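The file input_33.cif comes next; it holds mmCIF, N, CA and C atoms.
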```
data_structure
loop_
_atom_site.label_atom_id
_atom_site.label_comp_id
_atom_site.auth_asym_id
_atom_site.auth_seq_id
_atom_site.Cartn_x
_atom_site.Cartn_y
_atom_site.Cartn_z
N MET A 1 0.34 16.63 6.96
CA MET A 1 0.65 16.07 5.65
C MET A 1 -0.62 16.10 4.82
N THR A 2 -0.55 16.69 3.64
CA THR A 2 -1.72 16.75 2.78
C THR A 2 -1.84 15.45 2.00
N PRO A 3 -3.05 15.12 1.55
CA PRO A 3 -3.22 13.88 0.78
C PRO A 3 -2.36 13.83 -0.47
N ASP A 4 -2.02 15.00 -1.04
CA ASP A 4 -1.23 15.02 -2.27
C ASP A 4 0.21 14.54 -2.04
N ASN A 5 0.76 14.79 -0.85
CA ASN A 5 2.14 14.36 -0.64
C ASN A 5 2.25 13.18 0.32
N CYS A 6 1.14 12.51 0.58
CA CYS A 6 1.15 11.29 1.39
C CYS A 6 1.80 10.15 0.61
N PRO A 7 2.48 9.27 1.31
CA PRO A 7 2.93 8.05 0.64
C PRO A 7 1.71 7.28 0.11
N GLN A 8 1.92 6.53 -0.95
CA GLN A 8 0.84 5.75 -1.53
C GLN A 8 1.23 4.28 -1.53
N LEU A 9 0.35 3.45 -0.98
CA LEU A 9 0.55 2.01 -0.99
C LEU A 9 -0.30 1.44 -2.12
N VAL A 10 0.35 0.86 -3.11
CA VAL A 10 -0.35 0.30 -4.26
C VAL A 10 -0.45 -1.21 -4.07
N PHE A 11 -1.69 -1.69 -4.06
CA PHE A 11 -1.98 -3.11 -3.85
C PHE A 11 -2.31 -3.72 -5.20
N PHE A 12 -1.43 -4.57 -5.70
CA PHE A 12 -1.65 -5.25 -6.97
C PHE A 12 -2.34 -6.57 -6.69
N THR A 13 -3.47 -6.76 -7.33
CA THR A 13 -4.32 -7.91 -7.06
C THR A 13 -4.85 -8.47 -8.37
N ALA A 14 -5.59 -9.56 -8.27
CA ALA A 14 -6.29 -10.15 -9.40
C ALA A 14 -7.50 -10.91 -8.86
N ARG A 15 -8.58 -10.89 -9.61
CA ARG A 15 -9.80 -11.58 -9.16
C ARG A 15 -9.54 -13.07 -8.93
N ARG A 16 -8.63 -13.63 -9.68
CA ARG A 16 -8.36 -15.07 -9.60
C ARG A 16 -7.47 -15.46 -8.42
N SER A 17 -6.93 -14.48 -7.70
CA SER A 17 -5.96 -14.75 -6.64
C SER A 17 -6.62 -14.83 -5.27
N GLY A 18 -6.65 -16.03 -4.71
CA GLY A 18 -7.18 -16.23 -3.36
C GLY A 18 -6.38 -15.48 -2.31
N PRO A 19 -5.04 -15.57 -2.32
CA PRO A 19 -4.25 -14.83 -1.34
C PRO A 19 -4.50 -13.31 -1.40
N ALA A 20 -4.65 -12.78 -2.59
CA ALA A 20 -4.92 -11.34 -2.72
C ALA A 20 -6.28 -11.00 -2.13
N ARG A 21 -7.28 -11.82 -2.40
CA ARG A 21 -8.62 -11.56 -1.84
C ARG A 21 -8.59 -11.60 -0.32
N ARG A 22 -7.78 -12.49 0.25
CA ARG A 22 -7.69 -12.57 1.70
C ARG A 22 -6.99 -11.35 2.31
N MET A 23 -6.16 -10.66 1.54
CA MET A 23 -5.48 -9.46 2.04
C MET A 23 -6.34 -8.20 1.95
N GLU A 24 -7.44 -8.24 1.21
CA GLU A 24 -8.24 -7.04 0.98
C GLU A 24 -8.75 -6.41 2.27
N SER A 25 -9.25 -7.21 3.20
CA SER A 25 -9.78 -6.63 4.44
C SER A 25 -8.67 -6.03 5.29
N LEU A 26 -7.49 -6.65 5.28
CA LEU A 26 -6.35 -6.12 6.01
C LEU A 26 -5.96 -4.74 5.46
N LEU A 27 -5.90 -4.63 4.14
CA LEU A 27 -5.53 -3.34 3.54
C LEU A 27 -6.61 -2.30 3.73
N ALA A 28 -7.87 -2.70 3.75
CA ALA A 28 -8.95 -1.75 4.03
C ALA A 28 -8.82 -1.22 5.46
N HIS A 29 -8.46 -2.09 6.38
CA HIS A 29 -8.25 -1.68 7.78
C HIS A 29 -7.08 -0.70 7.88
N ILE A 30 -5.98 -1.00 7.22
CA ILE A 30 -4.81 -0.11 7.24
C ILE A 30 -5.17 1.24 6.62
N ALA A 31 -5.92 1.24 5.52
CA ALA A 31 -6.32 2.49 4.86
C ALA A 31 -7.16 3.35 5.80
N ARG A 32 -8.08 2.73 6.54
CA ARG A 32 -8.90 3.49 7.49
C ARG A 32 -8.05 4.03 8.64
N ARG A 33 -7.19 3.20 9.18
CA ARG A 33 -6.38 3.59 10.33
C ARG A 33 -5.38 4.68 9.98
N GLU A 34 -4.81 4.62 8.80
CA GLU A 34 -3.77 5.58 8.40
C GLU A 34 -4.30 6.71 7.52
N ARG A 35 -5.61 6.86 7.49
CA ARG A 35 -6.24 7.93 6.71
C ARG A 35 -5.59 9.26 7.06
N GLY A 36 -5.21 10.03 6.06
CA GLY A 36 -4.54 11.29 6.29
C GLY A 36 -3.02 11.19 6.24
N ARG A 37 -2.49 9.97 6.42
CA ARG A 37 -1.04 9.76 6.36
C ARG A 37 -0.63 8.85 5.22
N LEU A 38 -1.62 8.13 4.64
CA LEU A 38 -1.32 7.14 3.61
C LEU A 38 -2.51 7.01 2.68
N ARG A 39 -2.23 6.92 1.39
CA ARG A 39 -3.27 6.61 0.41
C ARG A 39 -3.06 5.16 -0.01
N VAL A 40 -4.14 4.42 -0.11
CA VAL A 40 -4.07 3.02 -0.54
C VAL A 40 -4.84 2.89 -1.85
N SER A 41 -4.18 2.34 -2.86
CA SER A 41 -4.80 2.13 -4.17
C SER A 41 -4.78 0.65 -4.50
N LYS A 42 -5.83 0.20 -5.15
CA LYS A 42 -5.94 -1.19 -5.55
C LYS A 42 -5.90 -1.26 -7.07
N VAL A 43 -5.01 -2.10 -7.61
CA VAL A 43 -4.86 -2.24 -9.05
C VAL A 43 -5.02 -3.71 -9.41
N ASP A 44 -6.00 -4.00 -10.26
CA ASP A 44 -6.18 -5.36 -10.77
C ASP A 44 -5.25 -5.52 -11.97
N VAL A 45 -4.32 -6.45 -11.87
CA VAL A 45 -3.31 -6.61 -12.93
C VAL A 45 -3.93 -7.07 -14.25
N ASP A 46 -5.09 -7.71 -14.21
CA ASP A 46 -5.75 -8.12 -15.44
C ASP A 46 -6.37 -6.91 -16.16
N ASP A 47 -6.84 -5.95 -15.38
CA ASP A 47 -7.43 -4.74 -15.96
C ASP A 47 -6.38 -3.71 -16.35
N ARG A 48 -5.25 -3.69 -15.64
CA ARG A 48 -4.20 -2.70 -15.88
C ARG A 48 -2.83 -3.36 -16.04
N PRO A 49 -2.65 -4.17 -17.10
CA PRO A 49 -1.35 -4.82 -17.30
C PRO A 49 -0.23 -3.81 -17.51
N ASP A 50 -0.56 -2.62 -18.01
CA ASP A 50 0.46 -1.58 -18.21
C ASP A 50 1.07 -1.15 -16.87
N LEU A 51 0.24 -0.98 -15.84
CA LEU A 51 0.74 -0.62 -14.52
C LEU A 51 1.53 -1.77 -13.89
N ALA A 52 1.02 -2.97 -14.07
CA ALA A 52 1.74 -4.13 -13.54
C ALA A 52 3.13 -4.23 -14.15
N GLU A 53 3.23 -3.97 -15.43
CA GLU A 53 4.54 -4.01 -16.09
C GLU A 53 5.42 -2.85 -15.61
N ARG A 54 4.85 -1.67 -15.51
CA ARG A 54 5.63 -0.50 -15.07
C ARG A 54 6.20 -0.68 -13.66
N PHE A 55 5.42 -1.35 -12.79
CA PHE A 55 5.88 -1.59 -11.42
C PHE A 55 6.60 -2.92 -11.29
N ARG A 56 6.80 -3.62 -12.40
CA ARG A 56 7.50 -4.91 -12.44
C ARG A 56 6.88 -5.94 -11.49
N VAL A 57 5.56 -6.05 -11.56
CA VAL A 57 4.85 -7.01 -10.72
C VAL A 57 4.98 -8.39 -11.35
N ARG A 58 5.54 -9.30 -10.59
CA ARG A 58 5.74 -10.67 -11.07
C ARG A 58 4.88 -11.66 -10.30
N GLN A 59 4.29 -11.20 -9.21
CA GLN A 59 3.52 -12.08 -8.34
C GLN A 59 2.33 -11.29 -7.79
N VAL A 60 1.21 -11.96 -7.66
CA VAL A 60 0.01 -11.36 -7.07
C VAL A 60 -0.32 -12.18 -5.84
N PRO A 61 -0.54 -11.52 -4.71
CA PRO A 61 -0.56 -10.09 -4.47
C PRO A 61 0.85 -9.50 -4.35
N SER A 62 0.95 -8.22 -4.62
CA SER A 62 2.17 -7.45 -4.39
C SER A 62 1.78 -6.08 -3.86
N LEU A 63 2.65 -5.51 -3.05
CA LEU A 63 2.47 -4.17 -2.52
C LEU A 63 3.68 -3.34 -2.91
N ALA A 64 3.44 -2.11 -3.34
CA ALA A 64 4.52 -1.18 -3.64
C ALA A 64 4.24 0.11 -2.90
N LEU A 65 5.20 0.58 -2.14
CA LEU A 65 5.06 1.84 -1.42
C LEU A 65 5.75 2.93 -2.23
N VAL A 66 4.97 3.93 -2.64
CA VAL A 66 5.46 5.01 -3.48
C VAL A 66 5.53 6.29 -2.66
N VAL A 67 6.71 6.89 -2.64
CA VAL A 67 6.93 8.16 -1.96
C VAL A 67 7.59 9.10 -2.97
N ARG A 68 6.98 10.25 -3.18
CA ARG A 68 7.49 11.24 -4.14
C ARG A 68 7.78 10.61 -5.50
N LYS A 69 6.82 9.85 -5.98
CA LYS A 69 6.84 9.22 -7.31
C LYS A 69 7.92 8.16 -7.48
N ARG A 70 8.46 7.64 -6.38
CA ARG A 70 9.45 6.57 -6.44
C ARG A 70 9.01 5.41 -5.56
N VAL A 71 9.22 4.18 -6.03
CA VAL A 71 8.95 3.01 -5.21
C VAL A 71 10.09 2.89 -4.21
N VAL A 72 9.75 2.99 -2.93
CA VAL A 72 10.78 2.94 -1.89
C VAL A 72 10.81 1.61 -1.16
N SER A 73 9.74 0.83 -1.31
CA SER A 73 9.69 -0.48 -0.67
C SER A 73 8.62 -1.32 -1.35
N ARG A 74 8.79 -2.62 -1.29
CA ARG A 74 7.76 -3.50 -1.87
C ARG A 74 7.75 -4.83 -1.14
N ILE A 75 6.60 -5.47 -1.24
CA ILE A 75 6.42 -6.82 -0.71
C ILE A 75 5.75 -7.62 -1.81
N ASP A 76 6.35 -8.71 -2.20
CA ASP A 76 5.76 -9.61 -3.18
C ASP A 76 5.21 -10.82 -2.46
N GLY A 77 3.98 -11.18 -2.78
CA GLY A 77 3.33 -12.30 -2.12
C GLY A 77 2.48 -11.83 -0.96
N ARG A 78 1.79 -12.77 -0.36
CA ARG A 78 0.90 -12.46 0.76
C ARG A 78 1.71 -11.95 1.95
N ALA A 79 1.18 -10.92 2.61
CA ALA A 79 1.90 -10.30 3.72
C ALA A 79 1.01 -10.20 4.94
N THR A 80 1.64 -10.23 6.10
CA THR A 80 0.93 -10.08 7.37
C THR A 80 0.89 -8.60 7.75
N ALA A 81 0.00 -8.28 8.68
CA ALA A 81 -0.12 -6.89 9.16
C ALA A 81 1.21 -6.39 9.73
N PRO A 82 1.91 -7.15 10.59
CA PRO A 82 3.18 -6.64 11.12
C PRO A 82 4.21 -6.37 10.02
N ARG A 83 4.25 -7.20 9.02
CA ARG A 83 5.21 -6.99 7.93
C ARG A 83 4.89 -5.72 7.14
N ILE A 84 3.61 -5.49 6.88
CA ILE A 84 3.20 -4.28 6.15
C ILE A 84 3.48 -3.05 7.01
N GLU A 85 3.14 -3.12 8.29
CA GLU A 85 3.36 -1.98 9.19
C GLU A 85 4.84 -1.64 9.30
N SER A 86 5.72 -2.64 9.33
CA SER A 86 7.15 -2.35 9.42
C SER A 86 7.66 -1.72 8.12
N MET A 87 7.04 -2.05 7.00
CA MET A 87 7.39 -1.42 5.73
C MET A 87 6.95 0.04 5.72
N LEU A 88 5.77 0.32 6.27
CA LEU A 88 5.20 1.67 6.23
C LEU A 88 5.81 2.63 7.24
N GLU A 89 6.11 2.13 8.43
CA GLU A 89 6.50 2.97 9.56
C GLU A 89 7.56 4.03 9.25
N PRO A 90 8.67 3.70 8.59
CA PRO A 90 9.69 4.72 8.36
C PRO A 90 9.26 5.84 7.41
N HIS A 91 8.16 5.62 6.67
CA HIS A 91 7.77 6.56 5.62
C HIS A 91 6.53 7.39 5.95
N LEU A 92 5.88 7.09 7.06
CA LEU A 92 4.67 7.83 7.42
C LEU A 92 5.02 8.98 8.35
N GLY A 93 4.29 10.07 8.20
CA GLY A 93 4.48 11.21 9.09
C GLY A 93 3.89 10.91 10.45
N PRO A 94 3.98 11.88 11.35
CA PRO A 94 3.41 11.69 12.70
C PRO A 94 1.89 11.52 12.63
N THR A 95 1.36 10.84 13.63
CA THR A 95 -0.09 10.68 13.71
C THR A 95 -0.73 12.01 14.08
N GLU A 96 -2.01 12.16 13.81
CA GLU A 96 -2.71 13.40 14.13
C GLU A 96 -2.65 13.70 15.63
N SER A 97 -2.75 12.68 16.48
CA SER A 97 -2.71 12.91 17.92
C SER A 97 -1.33 13.40 18.34
N ALA A 98 -0.26 12.93 17.70
CA ALA A 98 1.09 13.41 18.00
C ALA A 98 1.27 14.84 17.54
N GLU A 99 0.66 15.20 16.39
CA GLU A 99 0.75 16.58 15.90
C GLU A 99 0.01 17.52 16.83
N ALA A 100 -1.13 17.08 17.37
CA ALA A 100 -1.93 17.92 18.26
C ALA A 100 -1.22 18.18 19.58
N ALA A 101 -0.38 17.23 20.00
CA ALA A 101 0.32 17.37 21.28
C ALA A 101 1.46 18.38 21.19
N VAL A 102 1.92 18.67 19.99
CA VAL A 102 3.06 19.58 19.83
C VAL A 102 2.65 21.02 19.89
#
```

Rewrite the structure of this file - the entire thing - as structure tokens.
Amino acid sequence: MTPDNCPQLVFFTARRSGPARRMESLLAHIARRERGRLRVSKVDVDDRPDLAERFRVRQVPSLALVVRKRVVSRIDGRATAPRIESMLEPHLGPTESAEAAV
């Protein structure tokens, strides 16, 4: 899977949001682990209110999973690693080690 057609996880945050700040390290870990299968973007709703409106963000933090330019899943509010992983799993391609075994 090339980076251009990887699913994209958009993390909507705000500097004023404690729950969003606490999720940052979790999302950085997911971005490192899923490198090559997932792109993770961080959007500050105060800096980009146009994007927040376009994605209908009503709560910070929020996550939107975009596949082929469509939002296929979202989580509003603070989320745990298992909840994020269960959202991502159906949309990610095989891992590099699984591809190498084939």

**Request:** Taking the file as shown, find all residues satisfying the PyMOL selection byres ((chain A and resi 29-37) around 7) and write them as a ChimeraX atom specification.
**Result:** /A:1-3,6-7,24-28,38-40,92-93

**Request:** Taking the DSSP assignment computed from this structure's backbone, write out as a PyMOL selection string all residues of chain A that belong to strand (DSSP E).
**Result:** chain A and resi 8-13+39-44+62-67+70-76

Selection from above, N, CA and C atoms, as a PDB file, keeping the file's coordinate frame, can you write it?
```
ATOM      1  N   GLN A   8       1.920   6.530  -0.950  1.00  0.00           N
ATOM      2  CA  GLN A   8       0.840   5.750  -1.530  1.00  0.00           C
ATOM      3  C   GLN A   8       1.230   4.280  -1.530  1.00  0.00           C
ATOM      4  N   LEU A   9       0.350   3.450  -0.980  1.00  0.00           N
ATOM      5  CA  LEU A   9       0.550   2.010  -0.990  1.00  0.00           C
ATOM      6  C   LEU A   9      -0.300   1.440  -2.120  1.00  0.00           C
ATOM      7  N   VAL A  10       0.350   0.860  -3.110  1.00  0.00           N
ATOM      8  CA  VAL A  10      -0.350   0.300  -4.260  1.00  0.00           C
ATOM      9  C   VAL A  10      -0.450  -1.210  -4.070  1.00  0.00           C
ATOM     10  N   PHE A  11      -1.690  -1.690  -4.060  1.00  0.00           N
ATOM     11  CA  PHE A  11      -1.980  -3.110  -3.850  1.00  0.00           C
ATOM     12  C   PHE A  11      -2.310  -3.720  -5.200  1.00  0.00           C
ATOM     13  N   PHE A  12      -1.430  -4.570  -5.700  1.00  0.00           N
ATOM     14  CA  PHE A  12      -1.650  -5.250  -6.970  1.00  0.00           C
ATOM     15  C   PHE A  12      -2.340  -6.570  -6.690  1.00  0.00           C
ATOM     16  N   THR A  13      -3.470  -6.760  -7.330  1.00  0.00           N
ATOM     17  CA  THR A  13      -4.320  -7.910  -7.060  1.00  0.00           C
ATOM     18  C   THR A  13      -4.850  -8.470  -8.370  1.00  0.00           C
ATOM     19  N   ARG A  39      -2.230   6.920   1.390  1.00  0.00           N
ATOM     20  CA  ARG A  39      -3.270   6.610   0.410  1.00  0.00           C
ATOM     21  C   ARG A  39      -3.060   5.160  -0.010  1.00  0.00           C
ATOM     22  N   VAL A  40      -4.140   4.420  -0.110  1.00  0.00           N
ATOM     23  CA  VAL A  40      -4.070   3.020  -0.540  1.00  0.00           C
ATOM     24  C   VAL A  40      -4.840   2.890  -1.850  1.00  0.00           C
ATOM     25  N   SER A  41      -4.180   2.340  -2.860  1.00  0.00           N
ATOM     26  CA  SER A  41      -4.800   2.130  -4.170  1.00  0.00           C
ATOM     27  C   SER A  41      -4.780   0.650  -4.500  1.00  0.00           C
ATOM     28  N   LYS A  42      -5.830   0.200  -5.150  1.00  0.00           N
ATOM     29  CA  LYS A  42      -5.940  -1.190  -5.550  1.00  0.00           C
ATOM     30  C   LYS A  42      -5.900  -1.260  -7.070  1.00  0.00           C
ATOM     31  N   VAL A  43      -5.010  -2.100  -7.610  1.00  0.00           N
ATOM     32  CA  VAL A  43      -4.860  -2.240  -9.050  1.00  0.00           C
ATOM     33  C   VAL A  43      -5.020  -3.710  -9.410  1.00  0.00           C
ATOM     34  N   ASP A  44      -6.000  -4.000 -10.260  1.00  0.00           N
ATOM     35  CA  ASP A  44      -6.180  -5.360 -10.770  1.00  0.00           C
ATOM     36  C   ASP A  44      -5.250  -5.520 -11.970  1.00  0.00           C
ATOM     37  N   SER A  62       0.950  -8.220  -4.620  1.00  0.00           N
ATOM     38  CA  SER A  62       2.170  -7.450  -4.390  1.00  0.00           C
ATOM     39  C   SER A  62       1.780  -6.080  -3.860  1.00  0.00           C
ATOM     40  N   LEU A  63       2.650  -5.510  -3.050  1.00  0.00           N
ATOM     41  CA  LEU A  63       2.470  -4.170  -2.520  1.00  0.00           C
ATOM     42  C   LEU A  63       3.680  -3.340  -2.910  1.00  0.00           C
ATOM     43  N   ALA A  64       3.440  -2.110  -3.340  1.00  0.00           N
ATOM     44  CA  ALA A  64       4.520  -1.180  -3.640  1.00  0.00           C
ATOM     45  C   ALA A  64       4.240   0.110  -2.900  1.00  0.00           C
ATOM     46  N   LEU A  65       5.200   0.580  -2.140  1.00  0.00           N
ATOM     47  CA  LEU A  65       5.060   1.840  -1.420  1.00  0.00           C
ATOM     48  C   LEU A  65       5.750   2.930  -2.230  1.00  0.00           C
ATOM     49  N   VAL A  66       4.970   3.930  -2.640  1.00  0.00           N
ATOM     50  CA  VAL A  66       5.460   5.010  -3.480  1.00  0.00           C
ATOM     51  C   VAL A  66       5.530   6.290  -2.660  1.00  0.00           C
ATOM     52  N   VAL A  67       6.710   6.890  -2.640  1.00  0.00           N
ATOM     53  CA  VAL A  67       6.930   8.160  -1.960  1.00  0.00           C
ATOM     54  C   VAL A  67       7.590   9.100  -2.970  1.00  0.00           C
ATOM     55  N   ARG A  70       8.460   7.640  -6.380  1.00  0.00           N
ATOM     56  CA  ARG A  70       9.450   6.570  -6.440  1.00  0.00           C
ATOM     57  C   ARG A  70       9.010   5.410  -5.560  1.00  0.00           C
ATOM     58  N   VAL A  71       9.220   4.180  -6.030  1.00  0.00           N
ATOM     59  CA  VAL A  71       8.950   3.010  -5.210  1.00  0.00           C
ATOM     60  C   VAL A  71      10.090   2.890  -4.210  1.00  0.00           C
ATOM     61  N   VAL A  72       9.750   2.990  -2.930  1.00  0.00           N
ATOM     62  CA  VAL A  72      10.780   2.940  -1.890  1.00  0.00           C
ATOM     63  C   VAL A  72      10.810   1.610  -1.160  1.00  0.00           C
ATOM     64  N   SER A  73       9.740   0.830  -1.310  1.00  0.00           N
ATOM     65  CA  SER A  73       9.690  -0.480  -0.670  1.00  0.00           C
ATOM     66  C   SER A  73       8.620  -1.320  -1.350  1.00  0.00           C
ATOM     67  N   ARG A  74       8.790  -2.620  -1.290  1.00  0.00           N
ATOM     68  CA  ARG A  74       7.760  -3.500  -1.870  1.00  0.00           C
ATOM     69  C   ARG A  74       7.750  -4.830  -1.140  1.00  0.00           C
ATOM     70  N   ILE A  75       6.600  -5.470  -1.240  1.00  0.00           N
ATOM     71  CA  ILE A  75       6.420  -6.820  -0.710  1.00  0.00           C
ATOM     72  C   ILE A  75       5.750  -7.620  -1.810  1.00  0.00           C
ATOM     73  N   ASP A  76       6.350  -8.710  -2.200  1.00  0.00           N
ATOM     74  CA  ASP A  76       5.760  -9.610  -3.180  1.00  0.00           C
ATOM     75  C   ASP A  76       5.210 -10.820  -2.460  1.00  0.00           C
TER      76      ASP A  76
END
```

**Request:** Pull the helix (DSSP H, G or I) assignments for chain A out of DSSP run on the backbone, and list those residues as a ChimeraX atom specification.
**Result:** /A:3-5,18-33,49-54,81-91,96-101

**Prompt:** Smallest atom-to-atom distance to Val60 of chain A: which of A:His91, A:Asp44, A:Arg78, A:Arg22, using all atoms listed in the file?
**Reply:**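 Among A:His91, A:Asp44, A:Arg78, A:Arg22, it is A:Arg78 that comes nearest to Val60 of chain A.
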
**Asked** Separation of atom C of Ser86 of chain A and atom CA of Leu9 of chain A, in Å?
**Response** 12.1 Å

**Request:** Kindly indicate which residue among A:Ser62, A:Asn5, A:Thr80, A:Ser41 lies nearest to Ser17 of chain A, using only C-alpha atoms for the distances.
**Result:** A:Ser62

**Request:** Compare A:Arg83, A:Glu89, A:Arg16, A:Val10 by their minimum atom-to-atom distance to Leu63 of chain A, counting all atoms listed in the file, and give me the closest one.
**Result:**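 Selected residue with least distance to Leu63 of chain A: A:Val10.
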
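Across the structure, atom C of Leu88 of chain A and atom C of Met23 of chain A are spaced 17.1 Å apart.
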
**Message:** One number please: atom C of Arg54 of chain A to atom C of Pro94 of chain A, in Å, one decimal.
**Reply:**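 Calculated distance between atom C of Arg54 of chain A and atom C of Pro94 of chain A is 29.3 Å.
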
**Request:** List the residues selected by the PyMOL selection byres ((chain A and resi 61) around 8) in the file shown, writing them as a ChimeraX atom specification.
**Result:** /A:11-14,17-21,57-60,62-64,75-79

Those residues you just picked out, can you put them in a file as a PDB file, in the frame of the given file with N, CA and C atoms?
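Wrote it out as again-v1.pdb, contents follow:
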```
ATOM      1  N   PHE A  11      -1.690  -1.690  -4.060  1.00  0.00           N
ATOM      2  CA  PHE A  11      -1.980  -3.110  -3.850  1.00  0.00           C
ATOM      3  C   PHE A  11      -2.310  -3.720  -5.200  1.00  0.00           C
ATOM      4  N   PHE A  12      -1.430  -4.570  -5.700  1.00  0.00           N
ATOM      5  CA  PHE A  12      -1.650  -5.250  -6.970  1.00  0.00           C
ATOM      6  C   PHE A  12      -2.340  -6.570  -6.690  1.00  0.00           C
ATOM      7  N   THR A  13      -3.470  -6.760  -7.330  1.00  0.00           N
ATOM      8  CA  THR A  13      -4.320  -7.910  -7.060  1.00  0.00           C
ATOM      9  C   THR A  13      -4.850  -8.470  -8.370  1.00  0.00           C
ATOM     10  N   ALA A  14      -5.590  -9.560  -8.270  1.00  0.00           N
ATOM     11  CA  ALA A  14      -6.290 -10.150  -9.400  1.00  0.00           C
ATOM     12  C   ALA A  14      -7.500 -10.910  -8.860  1.00  0.00           C
ATOM     13  N   SER A  17      -6.930 -14.480  -7.700  1.00  0.00           N
ATOM     14  CA  SER A  17      -5.960 -14.750  -6.640  1.00  0.00           C
ATOM     15  C   SER A  17      -6.620 -14.830  -5.270  1.00  0.00           C
ATOM     16  N   GLY A  18      -6.650 -16.030  -4.710  1.00  0.00           N
ATOM     17  CA  GLY A  18      -7.180 -16.230  -3.360  1.00  0.00           C
ATOM     18  C   GLY A  18      -6.380 -15.480  -2.310  1.00  0.00           C
ATOM     19  N   PRO A  19      -5.040 -15.570  -2.320  1.00  0.00           N
ATOM     20  CA  PRO A  19      -4.250 -14.830  -1.340  1.00  0.00           C
ATOM     21  C   PRO A  19      -4.500 -13.310  -1.400  1.00  0.00           C
ATOM     22  N   ALA A  20      -4.650 -12.780  -2.590  1.00  0.00           N
ATOM     23  CA  ALA A  20      -4.920 -11.340  -2.720  1.00  0.00           C
ATOM     24  C   ALA A  20      -6.280 -11.000  -2.130  1.00  0.00           C
ATOM     25  N   ARG A  21      -7.280 -11.820  -2.400  1.00  0.00           N
ATOM     26  CA  ARG A  21      -8.620 -11.560  -1.840  1.00  0.00           C
ATOM     27  C   ARG A  21      -8.590 -11.600  -0.320  1.00  0.00           C
ATOM     28  N   VAL A  57       5.560  -6.050 -11.560  1.00  0.00           N
ATOM     29  CA  VAL A  57       4.850  -7.010 -10.720  1.00  0.00           C
ATOM     30  C   VAL A  57       4.980  -8.390 -11.350  1.00  0.00           C
ATOM     31  N   ARG A  58       5.540  -9.300 -10.590  1.00  0.00           N
ATOM     32  CA  ARG A  58       5.740 -10.670 -11.070  1.00  0.00           C
ATOM     33  C   ARG A  58       4.880 -11.660 -10.300  1.00  0.00           C
ATOM     34  N   GLN A  59       4.290 -11.200  -9.210  1.00  0.00           N
ATOM     35  CA  GLN A  59       3.520 -12.080  -8.340  1.00  0.00           C
ATOM     36  C   GLN A  59       2.330 -11.290  -7.790  1.00  0.00           C
ATOM     37  N   VAL A  60       1.210 -11.960  -7.660  1.00  0.00           N
ATOM     38  CA  VAL A  60       0.010 -11.360  -7.070  1.00  0.00           C
ATOM     39  C   VAL A  60      -0.320 -12.180  -5.840  1.00  0.00           C
ATOM     40  N   SER A  62       0.950  -8.220  -4.620  1.00  0.00           N
ATOM     41  CA  SER A  62       2.170  -7.450  -4.390  1.00  0.00           C
ATOM     42  C   SER A  62       1.780  -6.080  -3.860  1.00  0.00           C
ATOM     43  N   LEU A  63       2.650  -5.510  -3.050  1.00  0.00           N
ATOM     44  CA  LEU A  63       2.470  -4.170  -2.520  1.00  0.00           C
ATOM     45  C   LEU A  63       3.680  -3.340  -2.910  1.00  0.00           C
ATOM     46  N   ALA A  64       3.440  -2.110  -3.340  1.00  0.00           N
ATOM     47  CA  ALA A  64       4.520  -1.180  -3.640  1.00  0.00           C
ATOM     48  C   ALA A  64       4.240   0.110  -2.900  1.00  0.00           C
ATOM     49  N   ILE A  75       6.600  -5.470  -1.240  1.00  0.00           N
ATOM     50  CA  ILE A  75       6.420  -6.820  -0.710  1.00  0.00           C
ATOM     51  C   ILE A  75       5.750  -7.620  -1.810  1.00  0.00           C
ATOM     52  N   ASP A  76       6.350  -8.710  -2.200  1.00  0.00           N
ATOM     53  CA  ASP A  76       5.760  -9.610  -3.180  1.00  0.00           C
ATOM     54  C   ASP A  76       5.210 -10.820  -2.460  1.00  0.00           C
ATOM     55  N   GLY A  77       3.980 -11.180  -2.780  1.00  0.00           N
ATOM     56  CA  GLY A  77       3.330 -12.300  -2.120  1.00  0.00           C
ATOM     57  C   GLY A  77       2.480 -11.830  -0.960  1.00  0.00           C
ATOM     58  N   ARG A  78       1.790 -12.770  -0.360  1.00  0.00           N
ATOM     59  CA  ARG A  78       0.900 -12.460   0.760  1.00  0.00           C
ATOM     60  C   ARG A  78       1.710 -11.950   1.950  1.00  0.00           C
ATOM     61  N   ALA A  79       1.180 -10.920   2.610  1.00  0.00           N
ATOM     62  CA  ALA A  79       1.900 -10.300   3.720  1.00  0.00           C
ATOM     63  C   ALA A  79       1.010 -10.200   4.940  1.00  0.00           C
TER      64      ALA A  79
END
```

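Considering all atoms listed in the file, the residue among A:Met87, A:Pro82, A:Leu51, A:Lys42 positioned nearest to Leu65 of chain A is A:Met87.
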